[in-house]
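Asks: I'm passing along structure_24.txt; it holds compact mmCIF, C-alpha atoms.
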# COMPACT_ATOMS: atom_id res chain seq x y z
CA MET H 1 -4.84 0.72 -27.53
CA LEU H 2 -6.59 2.73 -24.82
CA LEU H 3 -4.80 5.72 -23.29
CA LEU H 4 -5.90 6.92 -19.84
CA THR H 5 -4.64 10.05 -18.10
CA GLY H 6 -4.19 10.43 -14.36
CA SER H 7 -7.42 12.38 -13.96
CA GLU H 8 -9.30 9.72 -15.89
CA VAL H 9 -7.81 6.94 -13.76
CA ARG H 10 -8.75 8.80 -10.57
CA GLY H 11 -12.29 9.31 -11.84
CA LEU H 12 -12.72 5.61 -12.56
CA LEU H 13 -11.04 4.19 -9.45
CA SER H 14 -13.03 4.04 -6.20
CA TYR H 15 -11.50 2.74 -2.98
CA SER H 16 -14.20 0.12 -2.69
CA ASP H 17 -13.40 -1.25 -6.14
CA ALA H 18 -9.65 -1.02 -5.56
CA ILE H 19 -9.93 -2.98 -2.31
CA SER H 20 -11.92 -5.65 -4.13
CA ALA H 21 -9.30 -5.79 -6.90
CA SER H 22 -6.46 -6.10 -4.37
CA ARG H 23 -8.31 -8.87 -2.58
CA ASP H 24 -8.56 -10.73 -5.90
CA ALA H 25 -4.83 -10.20 -6.47
CA PHE H 26 -3.86 -11.55 -3.06
CA ILE H 27 -6.06 -14.63 -3.49
CA ALA H 28 -4.59 -15.23 -6.96
CA LEU H 29 -1.08 -15.11 -5.52
CA ALA H 30 -1.97 -17.54 -2.73
CA SER H 31 -3.78 -19.85 -5.15
CA GLY H 32 -0.91 -20.11 -7.62
CA ARG H 33 -2.75 -18.17 -10.33
CA ALA H 34 -0.22 -15.34 -10.56
CA ALA H 35 3.24 -15.29 -12.11
CA ILE H 36 5.02 -12.35 -10.48
CA PRO H 37 8.83 -12.30 -10.74
CA LEU H 38 10.89 -10.16 -8.39
CA ARG H 39 10.94 -6.61 -9.65
CA ILE H 40 13.96 -5.30 -11.52
CA LYS H 41 15.57 -2.27 -9.87
CA LEU H 42 17.65 0.15 -11.89
CA PRO H 43 19.64 2.50 -9.59
CA MET H 44 19.75 6.07 -10.88
CA GLU H 45 21.40 9.15 -9.44
CA ALA H 46 18.06 10.77 -8.60
CA GLY H 47 16.54 7.54 -7.20
CA PRO H 48 15.66 4.00 -8.26
CA THR H 49 13.42 3.02 -11.16
CA LEU H 50 11.58 -0.29 -10.79
CA PHE H 51 10.21 -2.57 -13.50
CA LYS H 52 7.39 -4.84 -12.33
CA PRO H 53 6.02 -7.37 -14.87
CA GLY H 54 3.44 -10.04 -14.20
CA PHE H 55 0.50 -12.16 -15.23
CA VAL H 56 -2.63 -12.94 -13.21
CA SER H 57 -4.90 -15.66 -14.53
CA ALA H 58 -8.62 -15.57 -13.89
CA GLN H 59 -10.52 -18.46 -12.34
CA ASP H 60 -12.81 -18.60 -15.37
CA GLY H 61 -9.99 -18.46 -17.93
CA GLY H 62 -8.01 -15.66 -19.48
CA GLY H 63 -6.09 -13.20 -17.38
CA VAL H 64 -4.17 -9.95 -17.18
CA LEU H 65 -0.66 -9.49 -18.60
CA GLY H 66 1.15 -6.26 -17.91
CA LEU H 67 4.03 -4.16 -16.69
CA LYS H 68 4.37 -1.23 -14.32
CA VAL H 69 7.38 1.07 -14.39
CA VAL H 70 7.66 3.15 -11.22
CA SER H 71 10.37 5.57 -10.15
CA VAL H 72 11.17 6.99 -6.73
CA ARG H 73 12.23 10.62 -7.04
CA PRO H 74 12.01 12.26 -3.58
CA ASN H 75 12.62 15.78 -4.91
CA ASN H 76 10.07 15.75 -7.74
CA GLU H 77 7.28 17.52 -5.89
CA ALA H 78 9.45 20.25 -4.41
CA GLN H 79 11.58 20.90 -7.49
CA HIS H 80 9.31 20.10 -10.42
CA GLY H 81 5.74 19.98 -9.13
CA LEU H 82 5.54 16.33 -10.12
CA PRO H 83 4.68 13.20 -8.12
CA ASN H 84 7.56 11.83 -6.05
CA VAL H 85 6.62 8.36 -7.28
CA PRO H 86 5.72 8.68 -10.99
CA ALA H 87 4.54 5.50 -12.66
CA THR H 88 3.15 4.09 -15.90
CA VAL H 89 1.11 0.89 -16.35
CA MET H 90 0.82 -1.00 -19.63
CA LEU H 91 -1.45 -3.99 -20.32
CA PHE H 92 -1.12 -6.51 -23.14
CA ASP H 93 -3.29 -9.08 -24.84
CA GLU H 94 -2.02 -12.35 -23.39
CA LYS H 95 -2.54 -14.29 -26.65
CA THR H 96 -1.10 -11.86 -29.18
CA GLY H 97 1.26 -9.83 -26.99
CA VAL H 98 -0.15 -6.63 -28.48
CA PRO H 99 -0.47 -3.69 -26.04
CA THR H 100 -4.08 -2.93 -25.15
CA ALA H 101 -3.89 -0.11 -22.59
CA LEU H 102 -1.49 2.54 -21.30
CA MET H 103 -2.31 4.55 -18.22
CA GLU H 104 -0.81 6.99 -15.77
CA GLY H 105 0.26 4.88 -12.83
CA ALA H 106 0.97 7.23 -9.91
CA SER H 107 -2.73 7.59 -9.13
CA LEU H 108 -3.27 3.86 -9.51
CA THR H 109 -0.24 3.10 -7.30
CA ALA H 110 -1.44 5.35 -4.50
CA VAL H 111 -4.92 3.87 -4.42
CA ARG H 112 -3.93 0.22 -4.90
CA THR H 113 -1.25 0.40 -2.17
CA ALA H 114 -3.74 1.81 0.30
CA ALA H 115 -6.32 -0.70 -0.95
CA GLY H 116 -3.92 -3.52 -0.04
CA SER H 117 -3.71 -2.10 3.46
CA GLY H 118 -7.49 -1.86 3.39
CA VAL H 119 -7.76 -5.58 2.68
CA ALA H 120 -5.38 -6.37 5.54
CA THR H 121 -7.16 -3.99 7.90
CA SER H 122 -10.57 -5.44 7.10
CA LEU H 123 -9.21 -8.86 8.02
CA LEU H 124 -6.86 -8.08 10.94
CA ALA H 125 -7.99 -4.93 12.75
CA ALA H 126 -10.47 -5.05 15.60
CA PRO H 127 -14.04 -4.85 14.27
CA ASP H 128 -14.68 -1.78 16.44
CA ALA H 129 -11.47 0.05 15.50
CA LYS H 130 -12.17 3.77 15.37
CA VAL H 131 -8.89 5.68 15.78
CA VAL H 132 -6.14 5.75 13.13
CA THR H 133 -2.69 7.29 13.32
CA ILE H 134 -0.91 7.87 10.02
CA PHE H 135 2.80 8.58 9.78
CA GLY H 136 3.46 10.71 6.71
CA ALA H 137 1.54 13.47 4.95
CA GLY H 138 1.96 12.64 1.28
CA MET H 139 -0.12 10.87 -1.33
CA GLN H 140 0.03 7.53 0.47
CA ALA H 141 -1.00 9.06 3.79
CA GLU H 142 -4.05 10.60 2.15
CA ALA H 143 -4.95 7.37 0.36
CA HIS H 144 -4.62 5.36 3.56
CA ALA H 145 -7.01 7.65 5.39
CA PHE H 146 -9.66 6.98 2.76
CA ALA H 147 -8.94 3.24 2.65
CA MET H 148 -9.20 2.90 6.44
CA ALA H 149 -12.50 4.79 6.40
CA GLU H 150 -13.73 2.38 3.74
CA VAL H 151 -13.26 -0.74 5.89
CA ARG H 152 -13.90 0.55 9.43
CA ASP H 153 -16.16 3.16 11.04
CA ILE H 154 -13.32 5.57 11.69
CA GLU H 155 -14.03 8.47 14.04
CA LYS H 156 -10.57 10.02 14.34
CA VAL H 157 -7.44 10.31 12.16
CA VAL H 158 -4.17 11.66 13.58
CA ILE H 159 -1.44 12.78 11.14
CA VAL H 160 2.21 12.64 12.23
CA SER H 161 4.74 14.22 9.89
CA ARG H 162 8.14 15.89 10.10
CA THR H 163 6.67 18.63 7.88
CA GLU H 164 3.96 20.31 9.95
CA GLU H 165 2.65 22.44 7.09
CA LYS H 166 2.01 19.39 4.91
CA ALA H 167 0.37 17.60 7.82
CA ARG H 168 -1.99 20.51 8.45
CA LYS H 169 -2.89 20.77 4.75
CA LEU H 170 -3.67 17.06 4.65
CA ALA H 171 -5.73 17.23 7.83
CA GLU H 172 -7.80 20.08 6.38
CA LYS H 173 -8.29 18.19 3.11
CA LEU H 174 -9.47 15.12 5.03
CA ARG H 175 -11.87 17.22 7.11
CA GLN H 176 -13.50 18.39 3.90
CA ALA H 177 -13.65 14.92 2.36
CA LEU H 178 -14.56 13.01 5.54
CA PRO H 179 -16.83 15.40 7.46
CA ASN H 180 -17.76 12.82 10.08
CA VAL H 181 -14.13 12.09 10.94
CA GLN H 182 -12.12 14.18 13.39
CA CYS H 183 -8.72 14.97 11.84
CA GLU H 184 -5.79 16.15 13.95
CA VAL H 185 -2.07 16.84 13.62
CA GLU H 186 0.35 15.60 16.27
CA SER H 187 4.12 16.12 16.32
CA ASP H 188 4.76 13.50 19.02
CA GLY H 189 4.53 10.00 17.54
CA GLN H 190 4.26 8.27 20.88
CA LYS H 191 1.40 10.48 21.98
CA ALA H 192 -0.38 9.99 18.66
CA VAL H 193 -0.11 6.20 18.75
CA ALA H 194 -1.09 5.75 22.40
CA GLY H 195 -4.83 5.56 21.75
CA SER H 196 -4.80 4.22 18.22
CA ASP H 197 -6.51 1.06 17.05
CA ILE H 198 -4.80 1.22 13.63
CA VAL H 199 -1.41 2.67 12.69
CA CYS H 200 -0.34 3.27 9.08
CA CYS H 201 3.30 4.00 8.27
CA THR H 202 3.54 5.68 4.86
CA THR H 203 6.91 7.43 4.98
CA SER H 204 10.20 7.13 3.10
CA SER H 205 12.17 7.12 6.35
CA SER H 206 15.25 4.91 6.64
CA THR H 207 15.03 4.90 10.43
CA PRO H 208 12.01 3.76 12.50
CA VAL H 209 9.18 6.23 12.95
CA LEU H 210 7.14 3.71 14.97
CA LYS H 211 8.28 1.91 18.12
CA GLY H 212 6.74 -1.24 19.52
CA LYS H 213 6.59 0.07 23.07
CA TRP H 214 4.09 2.70 21.92
CA LEU H 215 1.47 0.24 20.66
CA LYS H 216 -1.55 -0.75 22.69
CA LYS H 217 -2.83 -4.31 22.81
CA GLY H 218 -5.01 -5.30 19.88
CA CYS H 219 -3.54 -2.66 17.56
CA HIS H 220 -3.11 -3.34 13.85
CA VAL H 221 -0.19 -1.83 11.91
CA ASN H 222 0.13 -1.31 8.15
CA ALA H 223 3.73 -0.57 7.08
CA ILE H 224 4.21 0.27 3.42
CA GLY H 225 7.16 2.68 3.24
CA SER H 226 10.26 0.48 3.51
CA PHE H 227 11.14 -1.03 0.14
CA ARG H 228 14.93 -1.39 0.45
CA PRO H 229 17.04 -3.58 2.77
CA ASN H 230 18.47 -0.53 4.54
CA MET H 231 15.11 1.12 5.17
CA GLN H 232 13.42 0.42 8.51
CA GLU H 233 10.14 2.26 9.07
CA VAL H 234 9.11 0.27 12.16
CA ASP H 235 11.54 -0.85 14.84
CA ALA H 236 12.42 -4.46 15.60
CA ASP H 237 10.12 -4.50 18.63
CA VAL H 238 7.09 -3.81 16.42
CA VAL H 239 7.95 -6.84 14.31
CA LYS H 240 8.86 -9.07 17.26
CA MET H 241 5.68 -8.39 19.21
CA SER H 242 3.37 -8.68 16.18
CA ARG H 243 1.77 -11.49 14.27
CA VAL H 244 3.21 -10.64 10.87
CA VAL H 245 1.75 -11.15 7.40
CA VAL H 246 3.06 -9.78 4.10
CA ASP H 247 1.78 -9.27 0.58
CA ASP H 248 4.47 -11.41 -1.07
CA ILE H 249 6.86 -13.63 0.92
CA GLY H 250 9.65 -13.71 -1.66
CA ALA H 251 9.64 -9.97 -2.25
CA ALA H 252 9.27 -9.04 1.43
CA LEU H 253 12.19 -11.24 2.53
CA ALA H 254 14.35 -9.89 -0.29
CA GLU H 255 13.56 -6.19 -0.19
CA THR H 256 12.42 -4.64 3.09
CA GLY H 257 14.62 -3.66 6.01
CA ASP H 258 11.58 -3.82 8.28
CA LEU H 259 12.06 -7.61 8.18
CA LEU H 260 15.64 -8.10 6.97
CA ILE H 261 17.25 -6.02 9.73
CA PRO H 262 15.59 -7.83 12.68
CA ILE H 263 16.26 -11.16 10.93
CA SER H 264 19.93 -10.34 10.41
CA ASP H 265 20.48 -9.28 14.02
CA GLY H 266 18.68 -12.34 15.40
CA THR H 267 15.65 -10.54 16.80
CA ILE H 268 13.33 -12.77 14.76
CA ALA H 269 13.64 -15.75 12.45
CA LYS H 270 12.20 -15.85 8.92
CA GLU H 271 9.53 -18.19 10.29
CA HIS H 272 8.17 -15.32 12.39
CA VAL H 273 6.37 -14.22 9.23
CA LEU H 274 3.17 -16.27 9.32
CA GLY H 275 2.51 -16.05 5.59
CA THR H 276 0.75 -13.77 3.14
CA ILE H 277 -2.48 -11.87 3.36
CA GLY H 278 -3.65 -14.15 0.55
CA ASP H 279 -2.98 -17.14 2.82
CA ALA H 280 -5.15 -15.49 5.45
CA LEU H 281 -7.92 -14.78 2.94
CA THR H 282 -7.92 -18.43 1.84
CA PHE H 283 -7.84 -19.64 5.48
CA ALA H 284 -4.41 -21.26 5.10
CA ILE H 285 -3.18 -19.37 8.17
CA ARG H 286 -4.79 -17.79 11.21
CA CYS H 287 -3.46 -14.33 11.94
CA ARG H 288 -5.20 -13.10 15.05
CA GLU H 289 -5.63 -15.61 17.88
CA SER H 290 -6.87 -13.22 20.57
CA THR H 291 -8.24 -9.70 20.82
CA GLY H 292 -5.01 -8.58 22.47
CA ASP H 293 -2.79 -9.65 19.58
CA ILE H 294 -0.90 -6.95 17.72
CA THR H 295 -0.89 -7.57 13.97
CA LEU H 296 1.44 -6.20 11.31
CA PHE H 297 0.85 -6.13 7.56
CA LYS H 298 4.14 -5.44 5.81
CA SER H 299 3.67 -4.52 2.16
CA VAL H 300 6.33 -3.99 -0.48
CA GLY H 301 3.77 -3.89 -3.28
CA THR H 302 3.07 -6.57 -5.83
CA ALA H 303 2.48 -6.32 -9.56
CA ALA H 304 -0.53 -8.59 -9.07
CA GLN H 305 -2.34 -5.66 -7.44
CA ASP H 306 -1.32 -3.32 -10.24
CA LEU H 307 -2.65 -5.71 -12.85
CA THR H 308 -6.01 -6.53 -11.28
CA THR H 309 -6.59 -2.87 -10.48
CA ALA H 310 -5.56 -1.70 -13.95
CA ALA H 311 -7.81 -4.31 -15.57
CA MET H 312 -10.73 -3.06 -13.49
CA VAL H 313 -10.00 0.54 -14.55
CA VAL H 314 -9.93 -0.47 -18.22
CA ARG H 315 -13.25 -2.32 -17.91
CA LYS H 316 -14.86 0.76 -16.41
CA ALA H 317 -13.30 3.04 -19.01
CA VAL H 318 -14.71 0.94 -21.85
CA GLU H 319 -18.15 0.83 -20.21
CA ARG H 320 -18.22 4.62 -19.77
CA GLY H 321 -16.47 5.60 -22.98
CA VAL H 322 -13.56 7.20 -21.13
CA GLY H 323 -10.05 7.54 -22.59
CA GLN H 324 -8.53 7.88 -26.03
CA SER H 325 -8.21 4.91 -28.37
CA PHE H 326 -5.47 4.77 -30.99
CA SER H 327 -3.56 2.29 -33.12
CA PHE H 328 -0.17 1.34 -31.79
Please express the file's structure as structure tokens.
Replies:
Amino acid sequence: MLLLTGSEVRGLLSYSDAISASRDAFIALASGRAAIPLRIKLPMEAGPTLFKPGFVSAQDGGGVLGLKVVSVRPNNEAQHGLPNVPATVMLFDEKTGVPTALMEGASLTAVRTAAGSGVATSLLAAPDAKVVTIFGAGMQAEAHAFAMAEVRDIEKVVIVSRTEEKARKLAEKLRQALPNVQCEVESDGQKAVAGSDIVCCTTSSSTPVLKGKWLKKGCHVNAIGSFRPNMQEVDADVVKMSRVVVDDIGAALAETGDLLIPISDGTIAKEHVLGTIGDALTFAIRCRESTGDITLFKSVGTAAQDLTTAAMVVRKAVERGVGQSFSF
């Protein structure tokens, strides 16, 4: 079995490759080549722990069998210096059931989540989109800045966070990593969003940080923070005025308050969700009908992305001789 640390995973995982792996995952889901049950959530005092198994078959035979265990611990960083969303990914040989790889999953989760938004943005955002506003200043905010820059010629990133110090640190980090991109911090969400072509919501907020009345025509929104029925990161107006696609219909309509709350109060019907990003990639649905349409990609995360991304990391590790091999 191959063991990969977080630093090794980060060294092997580019945003370009992760976006390609997520695209493969979404197409597999839409094509019926992925078996992804609803995740199992174990409530704990410090936060939930989620178990996400799945299998993605390849078009040319074979496939990827695996499991990700991810926990949400909001106080980890402040109290223990650890990621707020620690995770572990394990892959298995589909024929024998023997484990083949074990890797640190927080780094993979951050990149693959942003990569999913990258796939959606490449498909739904205006081709000339140049200005991005990101709500949040954590790992996902950082990853989304890089993913957006991978799929569009971004000229400006605006960070909005309730913690100004974290926002400023992130902006400075992005200035160093993306020297051709202007990075700013803005405390007023409405002001930040006013001129934005793309908005990414990457917070753990239970109440909306983004309002529909702030969005300009033609804007694309990625919302990835809400993963429980009582969490609503974008308000009902955002959902109502947008052409909405998700990563996984079953999971999205079971888990995220961004959709469940406006459905329950009658603001929208379930049918307002056009389909999945995989449906869009396979031309089963048409998401944007005019340049003035506002589009929303609501992601709750799918194990299919974890598996295709982890398999890609393992292939690269084997090619480069990275990681530690041992008998299980």
Asks: How would you write as a PyMOL selection string the residues that get within 6 Å of (3.6, -9.4, 7.9) in the file's frame, counting all atoms listed in the file?
Replies: chain H and resi 244-246+273+296-298
Asks: May I have the selected residues written with C-alpha atoms, as an mmCIF file, keeping the file's coordinate frame?
Replies:
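Okay, result.cif is ready:
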data_model
loop_
_atom_site.group_PDB
_atom_site.id
_atom_site.type_symbol
_atom_site.label_atom_id
_atom_site.label_comp_id
_atom_site.auth_asym_id
_atom_site.auth_seq_id
_atom_site.Cartn_x
_atom_site.Cartn_y
_atom_site.Cartn_z
ATOM 1 C CA VAL H 244 3.210 -10.640 10.870
ATOM 2 C CA VAL H 245 1.750 -11.150 7.400
ATOM 3 C CA VAL H 246 3.060 -9.780 4.100
ATOM 4 C CA VAL H 273 6.370 -14.220 9.230
ATOM 5 C CA LEU H 296 1.440 -6.200 11.310
ATOM 6 C CA PHE H 297 0.850 -6.130 7.560
ATOM 7 C CA LYS H 298 4.140 -5.440 5.810
#
Asks: Wanna dump the range 200-318 of chain H-range 122-133 of chain H contacts at 12 Å for me, each residue with its shortest atom pair and the distance in Å to one decimal, counting only C-alpha atoms, ordered by chain and number, as CSV?
Replies:
residue,atom,partner,partner_atom,distance
H:Cys200,CA,H:Thr133,CA,6.3
H:Cys201,CA,H:Thr133,CA,8.5
H:Thr202,CA,H:Thr133,CA,10.6
H:Val209,CA,H:Thr133,CA,11.9
H:Leu210,CA,H:Thr133,CA,10.6
H:Trp214,CA,H:Thr133,CA,11.9
H:Leu215,CA,H:Thr133,CA,11.0
H:Lys216,CA,H:Val131,CA,12.0
H:Lys217,CA,H:Ala126,CA,10.5
H:Gly218,CA,H:Ala126,CA,6.9
H:Cys219,CA,H:Ala125,CA,6.9
H:His220,CA,H:Ala125,CA,5.2
H:Val221,CA,H:Ala125,CA,8.4
H:Asn222,CA,H:Ala125,CA,10.0
H:Ala223,CA,H:Thr133,CA,11.9
H:Ser242,CA,H:Leu124,CA,11.5
H:Arg243,CA,H:Leu124,CA,9.9
H:Val244,CA,H:Leu124,CA,10.4
H:Val245,CA,H:Leu124,CA,9.8
H:Ile277,CA,H:Leu123,CA,8.7
H:Gly278,CA,H:Leu123,CA,10.7
H:Asp279,CA,H:Leu123,CA,11.6
H:Ala280,CA,H:Leu123,CA,8.2
H:Leu281,CA,H:Leu123,CA,7.9
H:Thr282,CA,H:Leu123,CA,11.5
H:Phe283,CA,H:Leu123,CA,11.2
H:Arg286,CA,H:Leu124,CA,9.9
H:Cys287,CA,H:Leu124,CA,7.2
H:Arg288,CA,H:Leu124,CA,6.7
H:Glu289,CA,H:Leu124,CA,10.3
H:Ser290,CA,H:Ala126,CA,10.2
H:Thr291,CA,H:Ala126,CA,7.3
H:Gly292,CA,H:Ala126,CA,9.5
H:Asp293,CA,H:Leu124,CA,9.7
H:Ile294,CA,H:Ala125,CA,8.9
H:Thr295,CA,H:Leu124,CA,6.7
H:Leu296,CA,H:Leu124,CA,8.5
H:Phe297,CA,H:Leu124,CA,8.6
Asks: Given the selection you just returned, output its residues as a file containing C-alpha atoms, formatted as a PDB file, keeping the file's coordinate frame.
Replies:
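Saved as out.pdb:
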ATOM      1  CA  CYS H 200      -0.340   3.270   9.080  1.00  0.00           C
ATOM      2  CA  CYS H 201       3.300   4.000   8.270  1.00  0.00           C
ATOM      3  CA  THR H 202       3.540   5.680   4.860  1.00  0.00           C
ATOM      4  CA  VAL H 209       9.180   6.230  12.950  1.00  0.00           C
ATOM      5  CA  LEU H 210       7.140   3.710  14.970  1.00  0.00           C
ATOM      6  CA  TRP H 214       4.090   2.700  21.920  1.00  0.00           C
ATOM      7  CA  LEU H 215       1.470   0.240  20.660  1.00  0.00           C
ATOM      8  CA  LYS H 216      -1.550  -0.750  22.690  1.00  0.00           C
ATOM      9  CA  LYS H 217      -2.830  -4.310  22.810  1.00  0.00           C
ATOM     10  CA  GLY H 218      -5.010  -5.300  19.880  1.00  0.00           C
ATOM     11  CA  CYS H 219      -3.540  -2.660  17.560  1.00  0.00           C
ATOM     12  CA  HIS H 220      -3.110  -3.340  13.850  1.00  0.00           C
ATOM     13  CA  VAL H 221      -0.190  -1.830  11.910  1.00  0.00           C
ATOM     14  CA  ASN H 222       0.130  -1.310   8.150  1.00  0.00           C
ATOM     15  CA  ALA H 223       3.730  -0.570   7.080  1.00  0.00           C
ATOM     16  CA  SER H 242       3.370  -8.680  16.180  1.00  0.00           C
ATOM     17  CA  ARG H 243       1.770 -11.490  14.270  1.00  0.00           C
ATOM     18  CA  VAL H 244       3.210 -10.640  10.870  1.00  0.00           C
ATOM     19  CA  VAL H 245       1.750 -11.150   7.400  1.00  0.00           C
ATOM     20  CA  ILE H 277      -2.480 -11.870   3.360  1.00  0.00           C
ATOM     21  CA  GLY H 278      -3.650 -14.150   0.550  1.00  0.00           C
ATOM     22  CA  ASP H 279      -2.980 -17.140   2.820  1.00  0.00           C
ATOM     23  CA  ALA H 280      -5.150 -15.490   5.450  1.00  0.00           C
ATOM     24  CA  LEU H 281      -7.920 -14.780   2.940  1.00  0.00           C
ATOM     25  CA  THR H 282      -7.920 -18.430   1.840  1.00  0.00           C
ATOM     26  CA  PHE H 283      -7.840 -19.640   5.480  1.00  0.00           C
ATOM     27  CA  ARG H 286      -4.790 -17.790  11.210  1.00  0.00           C
ATOM     28  CA  CYS H 287      -3.460 -14.330  11.940  1.00  0.00           C
ATOM     29  CA  ARG H 288      -5.200 -13.100  15.050  1.00  0.00           C
ATOM     30  CA  GLU H 289      -5.630 -15.610  17.880  1.00  0.00           C
ATOM     31  CA  SER H 290      -6.870 -13.220  20.570  1.00  0.00           C
ATOM     32  CA  THR H 291      -8.240  -9.700  20.820  1.00  0.00           C
ATOM     33  CA  GLY H 292      -5.010  -8.580  22.470  1.00  0.00           C
ATOM     34  CA  ASP H 293      -2.790  -9.650  19.580  1.00  0.00           C
ATOM     35  CA  ILE H 294      -0.900  -6.950  17.720  1.00  0.00           C
ATOM     36  CA  THR H 295      -0.890  -7.570  13.970  1.00  0.00           C
ATOM     37  CA  LEU H 296       1.440  -6.200  11.310  1.00  0.00           C
ATOM     38  CA  PHE H 297       0.850  -6.130   7.560  1.00  0.00           C
TER      39      PHE H 297
END
Asks: Find the residues around Gln182 in chain H up to 8 Å (all atoms listed in the file counted), leave out those fewer than 3 positions away in its own chain, and share them as JSON, numbers by chain.
Replies: {"H": [155, 156, 157, 175, 179]}
Asks: Do you have the CA of Gln305 in chain H-CA of Gly66 in chain H distance handy?
Replies: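 About the pair CA of Gln305 in chain H and CA of Gly66 in chain H: they are 11.1 Å apart.
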Asks: Can you measure CA of Ala137 in chain H to CA of Val181 in chain H for me? One decimal in Å is fine.
Replies: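 Pair CA of Ala137 in chain H / CA of Val181 in chain H returns 16.8 Å.
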Asks: Of the candidates H:Gly105, H:Ala177, H:Ile285, H:Val239, which shows the shortest atom-to-atom distance to Pro83 in chain H, using only C-alpha atoms?
Replies: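 Using only C-alpha atoms, the shortest distance to Pro83 in chain H belongs to H:Gly105.
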Asks: Ranking H:Ser187, H:Ser226, H:Thr302, H:Ser327 by minimum distance to Leu29 in chain H and counting all atoms listed in the file, which one comes first?
Replies: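 Checking each of H:Ser187, H:Ser226, H:Thr302, H:Ser327 against Leu29 in chain H, counting all atoms listed in the file, the winner is H:Thr302.
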Asks: Can you pull out the residues contacting range 311-316 of chain H? Cut-off 9 Å, using all atoms listed in the file, and skip same-chain residues under 5 positions away; I want them as a list in words.
Replies: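 What passes the distance filter is Leu2, Leu4, Val9, Leu12, Leu13, Asp17, Ala18, Ala21, Val64, Leu91, Ala101, Asp306, Gly321 and Val322 of chain H.
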Asks: What does the distance between CA of Ala120 in chain H and CA of Lys270 in chain H come to in Å, to one decimal place?
Replies: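 CA of Ala120 in chain H sits 20.3 Å away from CA of Lys270 in chain H.
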Asks: If we count all atoms listed in the file, what is near Thr163 in chain H at a cut-off of 12 Å, once residues fewer than 3 positions away on the same chain are taken out, given as number ranges by chain?
Replies: H: 135-138, 159-160, 166-170, 185-187, 203
Asks: Using only C-alpha atoms, can you tell me which of H:Lys211, H:His144, H:Lys240, H:Arg112 comes closest to Ala25 in chain H?
Replies: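 Counting only C-alpha atoms, the residue closest to Ala25 in chain H is H:Arg112.
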Asks: May I have the residues within 12 Å of Gly32 in chain H as a VMD selection string, using all atoms listed in the file and disregarding those fewer than 2 positions away in the same chain?
Replies: chain H and resid 25 to 30 34 to 36 55 to 59 278 to 279 282 304
Asks: So, with only C-alpha atoms as the atoms that count, which of H:Met1, H:Leu108, H:Ala254, H:Ala236 lies closest to Gly266 in chain H?
Replies: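 So, comparing all the options, the nearest one is H:Ala236.
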Asks: List the neighbours of Thr113 in chain H out to 9 Å using all atoms listed in the file; skip same-chain residues closer than 2 positions along the sequence, and give me the result as a list of chain:residue names.
Replies: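 Counting all atoms listed in the file, the residues come to H:Ser22, H:Leu108, H:Thr109, H:Ala110, H:Val111, H:Ala115, H:Gly116, H:Ser117, H:Gly118, H:Gln140, H:Ala143, H:His144, H:Ile224, H:Ser299, H:Val300, H:Gly301, H:Thr302, H:Gln305, H:Asp306.
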Asks: Return the single residue from H:Ser14, H:Pro229, H:Val119, H:Asn76 that is closest to Ser264 in chain H, with distances computed using only C-alpha atoms.
Replies: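 Between H:Ser14, H:Pro229, H:Val119, H:Asn76, the residue approaching Ser264 in chain H most closely is H:Pro229.
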Asks: Pick the closest to Thr5 in chain H from H:Asp237, H:Pro37, H:Thr121, H:Val89: which is it, counting all atoms listed in the file?
Replies: H:Val89
